[in-house]
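Colleague: First, the structure itself, so that you have it in front of you.
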There are 4 protein chains.
Amino acid sequence: ARLVFYGLFALQHRGQESAGIASYDGSRIHSKKNIGLVSQVFSESDITRLSGMDAIGHTRYSTTGASDIRNVQPFLVDSRNGPIALAHNGNIVNAIEIRQSLFARGVGLTSASDTELMIMTLAGAAGETWVERIRNAMTTWIGAYSFVVLTQEGVFAARDRWGMRPLCWGRTAEGAVVFASETCALATLGCSEFHDIEAGNIVSCDSRGTIGIDPGTGKAHSASCIFEFVYFSRPDSNWNGQAVHEVRTRFGAELARSAPADADLVIPVPDSSISAAIGYARESGIPYGEAFVKNRYIGRTFIEPTTSLRKRGVALKFNVLRDAVKGRRVVVIDDSIVRGNTVKPLVALLRNAGAVQVHVRVASPPVHFPCRMGVDMGEYDELVANRMSPEELAVWSGADSLAYLSLELVGKVIGNRDDYCAACFSGKYPFPVERSSLKSSFEF
Amino acid sequence: ARLVFYGLFALQHRGQESAGIASYDGSRIHSKKNIGLVSQVFSESDITRLSGMDAIGHTRYSTTGASDIRNVQPFLVDSRNGPIALAHNGNIVNAIEIRQSLFARGVGLTSASDTELMIMTLAGAAGETWVERIRNAMTTWIGAYSFVVLTQEGVFAARDRWGMRPLCWGRTAEGAVVFASETCALATLGCSEFHDIEAGNIVSCDSRGTIGIDPGTGKAHSASCIFEFVYFSRPDSNWNGQAVHEVRTRFGAELARSAPADADLVIPVPDSSISAAIGYARESGIPYGEAFVKNRYIGRTFIEPTTSLRKRGVALKFNVLRDAVKGRRVVVIDDSIVRGNTVKPLVALLRNAGAVQVHVRVASPPVHFPCRMGVDMGEYDELVANRMSPEELAVWSGADSLAYLSLELVGKVIGNRDDYCAACFSGKYPFPVERSSLKSSFEF
Amino acid sequence: ARLVFYGLFALQHRGQESAGIASYDGSRIHSKKNIGLVSQVFSESDITRLSGMDAIGHTRYSTTGASDIRNVQPFLVDSRNGPIALAHNGNIVNAIEIRQSLFARGVGLTSASDTELMIMTLAGAAGETWVERIRNAMTTWIGAYSFVVLTQEGVFAARDRWGMRPLCWGRTAEGAVVFASETCALATLGCSEFHDIEAGNIVSCDSRGTIGIDPGTGKAHSASCIFEFVYFSRPDSNWNGQAVHEVRTRFGAELARSAPADADLVIPVPDSSISAAIGYARESGIPYGEAFVKNRYIGRTFIEPTTSLRKRGVALKFNVLRDAVKGRRVVVIDDSIVRGNTVKPLVALLRNAGAVQVHVRVASPPVHFPCRMGVDMGEYDELVANRMSPEELAVWSGADSLAYLSLELVGKVIGNRDDYCAACFSGKYPFPVERSSLKSSFEF
Amino acid sequence: ARLVFYGLFALQHRGQESAGIASYDGSRIHSKKNIGLVSQVFSESDITRLSGMDAIGHTRYSTTGASDIRNVQPFLVDSRNGPIALAHNGNIVNAIEIRQSLFARGVGLTSASDTELMIMTLAGAAGETWVERIRNAMTTWIGAYSFVVLTQEGVFAARDRWGMRPLCWGRTAEGAVVFASETCALATLGCSEFHDIEAGNIVSCDSRGTIGIDPGTGKAHSASCIFEFVYFSRPDSNWNGQAVHEVRTRFGAELARSAPADADLVIPVPDSSISAAIGYARESGIPYGEAFVKNRYIGRTFIEPTTSLRKRGVALKFNVLRDAVKGRRVVVIDDSIVRGNTVKPLVALLRNAGAVQVHVRVASPPVHFPCRMGVDMGEYDELVANRMSPEELAVWSGADSLAYLSLELVGKVIGNRDDYCAACFSGKYPFPVERSSLKSSFEF
C-alpha cells in the first residue's frame, strides 16, 4: 500500500476528485477511500493498516461533476470466488445494457458507477480461473477500460481490446511488480523497465511477483486515445513506444511549419503546452519565454467570485509578466481548445500587458465531437469549434491570428494514425456510441 | 422524515449504535445514515433534504460489537423493480445458506449484514407485485425479522411467520400511517390506535395512506420473544395485547409471593427493574424506595479506567443513597441476570452504605442458553447461570439470599405460554439454529 | 487526567454543553477541550496524551444558549508566574467592572467568558505566592464562583466568600486528592471521606498530595444556593452536612402535610422529583408509582418538529403508563415550576390516559426572580409565577389543584435558613446585582 | 471577505500552513481561520457569513514546523479601544523582551506567536488614535514586520522601519482599496496601480476608501530582504520598483557571464528557477529546455516512504524527460542552495537519464547564516555552504562543475545594494539578533 500511495501521486493529474487503496494480506482485504486528493485521503495510520503484499489504488476523475462517496474506487465485493477489489480507468459505453442484464439476474445496485457494473459482472462471470472469468466479462463490455483486479490469487491487469486507455507494468530494483496507467508512475517508484500491456490482454501477477500474460479477448482494431498525447498524459510518460514530451515537441514544430507567425516571443499556456511551445520556438527560431504565471493553488474553488472578479474569468488563475511581453509580438501556444473559455481572457491579459500582436497557435485540431470513452469534453453545443471557425475565434478572442494543427499533421507526428481514436476531432467512433448516463435512484 | 426522526427517539433503547432514514419523494430515494445516536446523526439540513411523503428509519443494536458503517440501515439498492430501501430488526438464522444462494446467482456482497442478504433476495425475488416478491423472499428466510421496505409503490411492513419481534402500526390524528417496532413510538407521534401486525403478514401502505393487509407466508407456531417483556421493550409499550409495565409489575408480584424476603425496603436496579420492584413492593407490603443513582451519561466509554477504577466495575455507573439503606434490610429487584457482572458490585455498594441485609430477587428465570434471534446474551460459558446455582451466586455476590422467578410463573403472568419463545431459559428453539456468523472479507 | 475524565461523568448533569481537561506533567500543560458531552469530547489517545500527576477538568452549562468554542473551560494562559489553567462554576456579577479594569491595564480579551476575566486577573494579581495572588484576585470578584487553578506549584481550589456554589474534596483509597463540585463525584472515584471547602477558603494540593487550607478572603454572610437542594445537585450528593436525597424527601413530606390531596397514586415527574415524590407518598400514605416514561435520548435536539408534534410540546419527551393511571386520582410531584412549559402538557397526558383527578404539587416555592449567580431561570416575564397565581396556574394547566411548598417550610427542612440564598424565591440577593451580560465583538 | 479570499490565493506561495479572514460589518468582527490551504479553509457559507466592507486575511508560513491552531492569523482581541484583528508577515526579533514586558503588566498569553505579542502591545498602547497607538507599539518592536490591523475606524497597514518585508496597496477599477504583501495579489484582484508602502509608514483606509499616509516611526537604514528577489516572491510581482522576473532573468544572465559552461541545454529546477534559467540561456546562447517534470501534488506528505523510496529522496518529486537530456551536456539552474538536500538526487536523475555532463549553476550566493527575520533556512550546521566549498559540493553531488552567483553581482543587478539585507549571505544583520524562540507552556 505504501508503494501504491506514492504511485498514486504520480497519477494524480489523471483524477483529483477521490482516491482509494485496497490491499490483501493473505486473508482479508483492507481498504481506505475517500473524496479528496491523495495527500488528503490517507494518513500514516491508514497506510499501516493496509497490510499485505498485494495492493491496488485509484484516483478518480469525474466526468459528471458530482462527487459521490459511492463512486470512489476501488470497488470491493465478496463473491463465490472470494473477495475482489477493482479499480478502472475509462468508460463502458454499453453500461445501460450491462445494468439491465445484471438486474435481470436479480442483482441490486447501489451506485451509478460503471465500476460497480464491472465488479458485479465479475462476481457472476463463468470460468474456472480468474483469467477465464475476466476474459468472459470483458467480452460483454464495450468501451474504454484499463483495470486492475485484486483477488486471493493475485493481481490481474487488463486493457480493453481497442487499447484505448494506457496501462503498463514494470519492476522495481527490489523486484516489486507495478501496474500503472502511465510510465511516469513506474519511474517514480524506481522501475527501470516499462512494458505496455497489449490491447485485450490480461496480465497476472501472483504474490511471488511472477508475471503471466494471457491473450484475453484479443485485439480489435486499435483505437488508442489520441488525446492522451495531446493533453491527458504527463510529458514524462511513454506510450505506444513514444515519449509524450517528444510527441508534443514535434506537434509544436509541425505547427511552426504549418502556421508560422512573425513574432518576437513564443510562450506556453502553462503547464500542458510547454513541450509544444518549446518545439514551436526551436523550429521557428523565435525565442522561447514565459509570460503567464499560473496560480497553482486556486484549483477548483466553490466560492462564488464578486461581479468584478467574475468578469476577469480565467484571468484570475493567470498573471502576466508585464515586462516580458510589453511592446512585443507574441505567439501563444495552447495544447488544445475545447470549450474556448480560456482563450479570450488570456489574449486580453497579453494585450493589457502591452503585447503589440498576439498570435494563438493550437497544437491539436479543432474538437468537434464529444468523447464517450472517458474524457469530459462537453456536448456538441459546448464545443467552441462547432460555433466558430478559426478566423471567427481569432476575432472574438481579440487575437491577430489563430490556427490549429491539422489532423493530418498530428497523424504524421504520431505515425500509424489508424491505430488511434481521433473521434473528438473526426467523429469516427471505434464502435457505436450513444449519449446515455447511468443514474442512481439514491441520493445520500 | 421529520416524523420518522422523532419516532426513532422513542426506539433508541432498541439500538444505540447507528441510525438512518430513507425517504422517497416520488422520483428519488434520499438517505442519511451514520454511526451514532439519533441526536448525533441527523442535522436540520439532513431532515430538510430527506423530502417526500414516504420514509423509513432504523436504529441499530449491534450483536457483534464491531461498529461498521457498512452495516448501518436502511440498506438501499436499485433493482429491476425500481429502488428499494429496507430496515430490519432481528436475525436471520440461515444467513449462511442465503449468502451461498446469492453467490450462486452471481451476486457480489459488500458487508456481513443479514440486511444486505435480505435486500439482495428481494432484488431478485420472483413476483409481479411487491407483496408477491416479499412473500417469496420471506419463505426462504428462517429467523426473527420484522422489517419495513420503502419502494416506489409505498411502504411494506412484515413480520416473520413465528412473530418473534414486535411490529405494529397506527395512524396519527392527521392521518399519517406509522409503522414501528413498539407502540411507544406510535404514542410519541400522537397515534390513538395501535395494531400489532400478525405473524407472517405483509402490511402495505400507499402514498394516500391506504392500508392493505396480506396474509403473507401465514403463521408458523407462534414464538414471540419473551425477553421483550422481561427487558427489551419500553414499559409504556403494549404487545400481544398486554401492557409491558403491567406484565413486569405482575412479574414482581409473583416474585414476592414465590420468593418472599423479610426486609425493610424494596429497591430497583434502575431503570428496567422499576416496574417489577413496584410490583414486589405492593404485593409484599414492604415500602418501595430508590437507592441507586445511575449515571446516565457514562454509557459506553472506550477510555480505559485506572486500576483502582476498574476494580469498582459497574459501581462506576451507580452511586448509593447512603441514608436510604443504612441499617436497613434491602430487597434489590433486577429484571434479569445474564452474564452476572453487575450483581456483585451492586451488593457491595449496598453493604458499604450500611445495608444490614441484601436480598437479590430476579424477575425472570436463569438464562442458560444463548439467543440466536437477535439478542446479544453471550455464549454458554458467558452465562453465569451455567456456572453457579442461585445459592452459589448469592454467596459469590455477597447477598444474603438470591432467587429467580420460575418459567412457570412467567408463563402464568403472560398467559398463553406456548406462544412465546423462551429458548434463552429453556433451550427449546423454535427452529434448528447453529452458531455461525457472517464475515466480510473486507475491512475499511 | 484519567481520574478527572471519570469524575466529569459524575458531574455531567451540571453542564452538558462542553467539556475540557488540562494536566500538568512537571514541565508543560496539556489540554483537550471541545463542545459536546464528556463521552464525545475525549478519546483514549487524548487521555493518554494528557500526562502528568496534576489535572483539572470542567463541564460547562451555558447560561446564554450560544455555544462557542472560545468559552470552553479550562482556560489557559502563560503568565509571569508560569502557566495557569482555570475552571470555574458560577457567575461573576461585577464582570463588566472587572473587564473595564483589565482593559485599563492594556489587556486584550478574546471571549465573553467571565472565566477569561478571572484568569487574566490572576495573571496580573499581586502576591508572592499563588495563595496570595488568588486571595487578592478574589477580593475583586463579586458573585458565585467555585474554581480550581492548575499551576506549576500544584492545584488550588477556592470558593467565593458567600459560599454560593458547592465545592468539596476527598482522598481516594490510593491517596489521590480529588476536588469536585459535588460529593457524588468523590464517591464515584472511590473517596471515602468528603470535606466541604469553606466559603472564602483556598485549599491547595501539591504534587505529593499534601493539603493546605488558607482562610483566603474569609467568609461573608453565608448565601449557599438553595436551588442546589431543590433541583441542581444530584440526589446522592451531600452538601453543608445534608444528603440531597434526604432533604428532597423531607420537602415531599412537608408538602404532603401542607398541601394534602385525596388521591390514589403519587407519581414523580422523572428524574429530579423522585425523592420528593417518595417523601410525599410516605407521609401521605398514598401509594407511590411511576406513570411517566421519559425518553432519555431526545435531549436537546435542534430538529424542528412538525406542526402536529409541536403541539404535543414536552409530551414528546414523556409517555404515560396508561394502565397505571386510568380511573385513578393522581398527585404529580414536580421539584419546581420555573417557566411553566411542562405542567400543562403533562396534565393533559394524564387526563388522556384516563386519570380522573390530577393534583399538581411543587416541592419548592414559586420562582419570582431571575438568578444572576449562574442558574439560567430566565427573566421576570418568563417566570410563570409572575403571571399566574397557583389557582390560575391550576385552571390554565387543567389540574384539579396546584400547590407549592412555602419558603418557610423549605427553611424548616434545611435548618439554618439565613445561610442560604433564596433570591429566586424572595428577591433578596446577597449583593447588588444588575442584569448585564458580557459581549464579545467577535463571531467565529 | 470575498475579495480577500481571492487575494489570498495569489499569496498562498508565501504560506501554506493555515489561513484566516476577519471582517468588520460596522458592529462586530466576524472571523474564520483554520489549518490548511485557502481552498480547504473556507466554504461559501463562511464567506457569506464574513459580512462587512472591511476585511483582512492571512496565509501562514511556519518557521517552526509545528502547526498549531492557536497560531493561525488574524489574531483578534477586544480592547479598551474596541475590537482589533491583526495579521502580520515577518518575525519580531526582540519577542522575548516584549513578552516579558507584557507579563510585567499582568497580561496572560495563550500562544507562542509573536502576533499575539503584537496585538497585546496594541491593546495596551498609549495614544489618542489608532495611528498613534500603532506608532507607539512599532517603536518597541525590532525585526521584520509588515502588518494589517482591522479596527472600528478602518484598516491600517504598516511596515517596519527597515522595510524588510514587502507591503503594497492598490485600488481596483471598482474603487476598493487592497493591501497585500505582493503586487501579484493586487493584479489578481484587478488593481491597475501599485504602491509600495514606505518603510516605517502607517497607511490607513477608512470605510469610504480614503487613504491616509502617516510617516509612522520613520525609516531606519533600509534593509529589504534580498531573498524575496532570489526565491520568495512570485515572479510576476514588483517590489522596490523592480519586476521580480526581470531581476531573476538578469541574475541568470550575470551567472552565464561569471560562470559559463560549455553545454547543449539549459534547464531550470522548476518552478522558482525558470526566470534565471531563461536569462542564462539567452545570455549564453545555449538552448533553453525543460527536463524535470515536477509532481505538483506530492507536497508535504507525512506518510513514511519505503526504504527504497527513501533512497530516491527528492527524486520522488521529479521525473526526467529522458529524451531531452540523453547524450547532452546540461546546465541546471537552481535559484539557491540552502540545506543542499536537492542537488545530489537531481544530478543523479540527469546522469541516469543519460546526460553526459551536468553543470550546476546557482543564481544566488552561498547561504552561510540563518535568517532571524522570518525565512526558515535552518541553523548554521544545516547550511551546506558551511560544510562544503563549491568544488566539494560539485564532487559530492556528482556534478561536473558547480558555481554560485557572487553577492557583488547580485548587488549589481539589484542596484542600491546597501538598501538590502543580505544577512543570510554576508552575516551582516541589520540589528542585533540572537537565536531564541518563544515557547508556550501549553499543548493542545
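Chain labels follow the order of the C-alpha cells: the first chain is A, the next B, and so on; residue numbering restarts at 1 in every chain, and ligands are counted from 1 in their shown order.
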Counting only C-alpha atoms, which residues in chain B sit no more than 6 Å from chain A? For each one, give the nearest pair of atoms and the distance in Å, sorted by chain then residue number, as CSV.
Modeller:
residue,atom,partner,partner_atom,distance
B:Arg28,CA,A:Ser441,CA,5.0
B:Ile29,CA,A:Phe442,CA,4.7
B:His30,CA,A:Glu443,CA,4.7
B:Ser31,CA,A:Phe444,CA,4.8
B:Lys32,CA,A:Phe444,CA,5.7
B:Val77,CA,A:Thr110,CA,4.8
B:Asp78,CA,A:Leu109,CA,5.0
B:Ser79,CA,A:Gly108,CA,4.9
B:Arg80,CA,A:Phe103,CA,5.0
B:Phe103,CA,A:Arg80,CA,5.0
B:Gly106,CA,A:Gly124,CA,3.5
B:Val107,CA,A:Val107,CA,5.8
B:Gly108,CA,A:Ser79,CA,4.9
B:Leu109,CA,A:Asp78,CA,5.0
B:Thr110,CA,A:Val77,CA,4.8
B:Met120,CA,A:Gly108,CA,5.8
B:Ala123,CA,A:Gly106,CA,5.4
B:Gly124,CA,A:Gly106,CA,3.4
B:Ser441,CA,A:Arg28,CA,5.0
B:Phe442,CA,A:Ile29,CA,4.8
B:Glu443,CA,A:His30,CA,4.7
B:Phe444,CA,A:Ser31,CA,4.9
Colleague: Taking into account only C-alpha atoms, which residue in the set A:Val356, A:Leu349, A:Ile278, A:Leu316 is nearest to Ala10 in chain D?
Modeller: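 Distance minimum relative to Ala10 in chain D lands on A:Leu316.
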Colleague: Would you list, as number ranges by chain, the residues of range 72-161 of chain D that end up in strand (DSSP E) under DSSP run on this structure's backbone?
Modeller: D: 75-79, 82-92, 143-151, 154-159
Colleague: Write out as a ChimeraX atom specification the residues lying within 8 Å of Val203 in chain B, counting only C-alpha atoms and excluding same-chain residues fewer than 3 positions away.
Modeller: /B:156-158,197,211-214
Colleague: Any idea what's packed within 6 Å of Leu86 in chain A, counting only C-alpha atoms, ignoring anything in its chain fewer than 2 positions away? Could you give it as a PDB file with C-alpha atoms, in the first residue's frame?
Modeller:
ATOM      1  CA  PRO A  74     -11.533   0.571  -5.765  1.00  0.00           C
ATOM      2  CA  PHE A  75     -14.888  -1.203  -5.525  1.00  0.00           C
ATOM      3  CA  VAL A 148      -6.740  -3.885 -12.147  1.00  0.00           C
ATOM      4  CA  VAL A 149      -8.377  -6.584 -10.025  1.00  0.00           C
TER       5      VAL A 149
END
Colleague: Could you give me, as a ChimeraX atom specification, the residues within 12 Å of Ala394 in chain A, counting only C-alpha atoms and dropping anything in the same chain fewer than 3 positions from it?
Modeller: /A:340,343-344,347,358-362,384-385,388-391,397-404
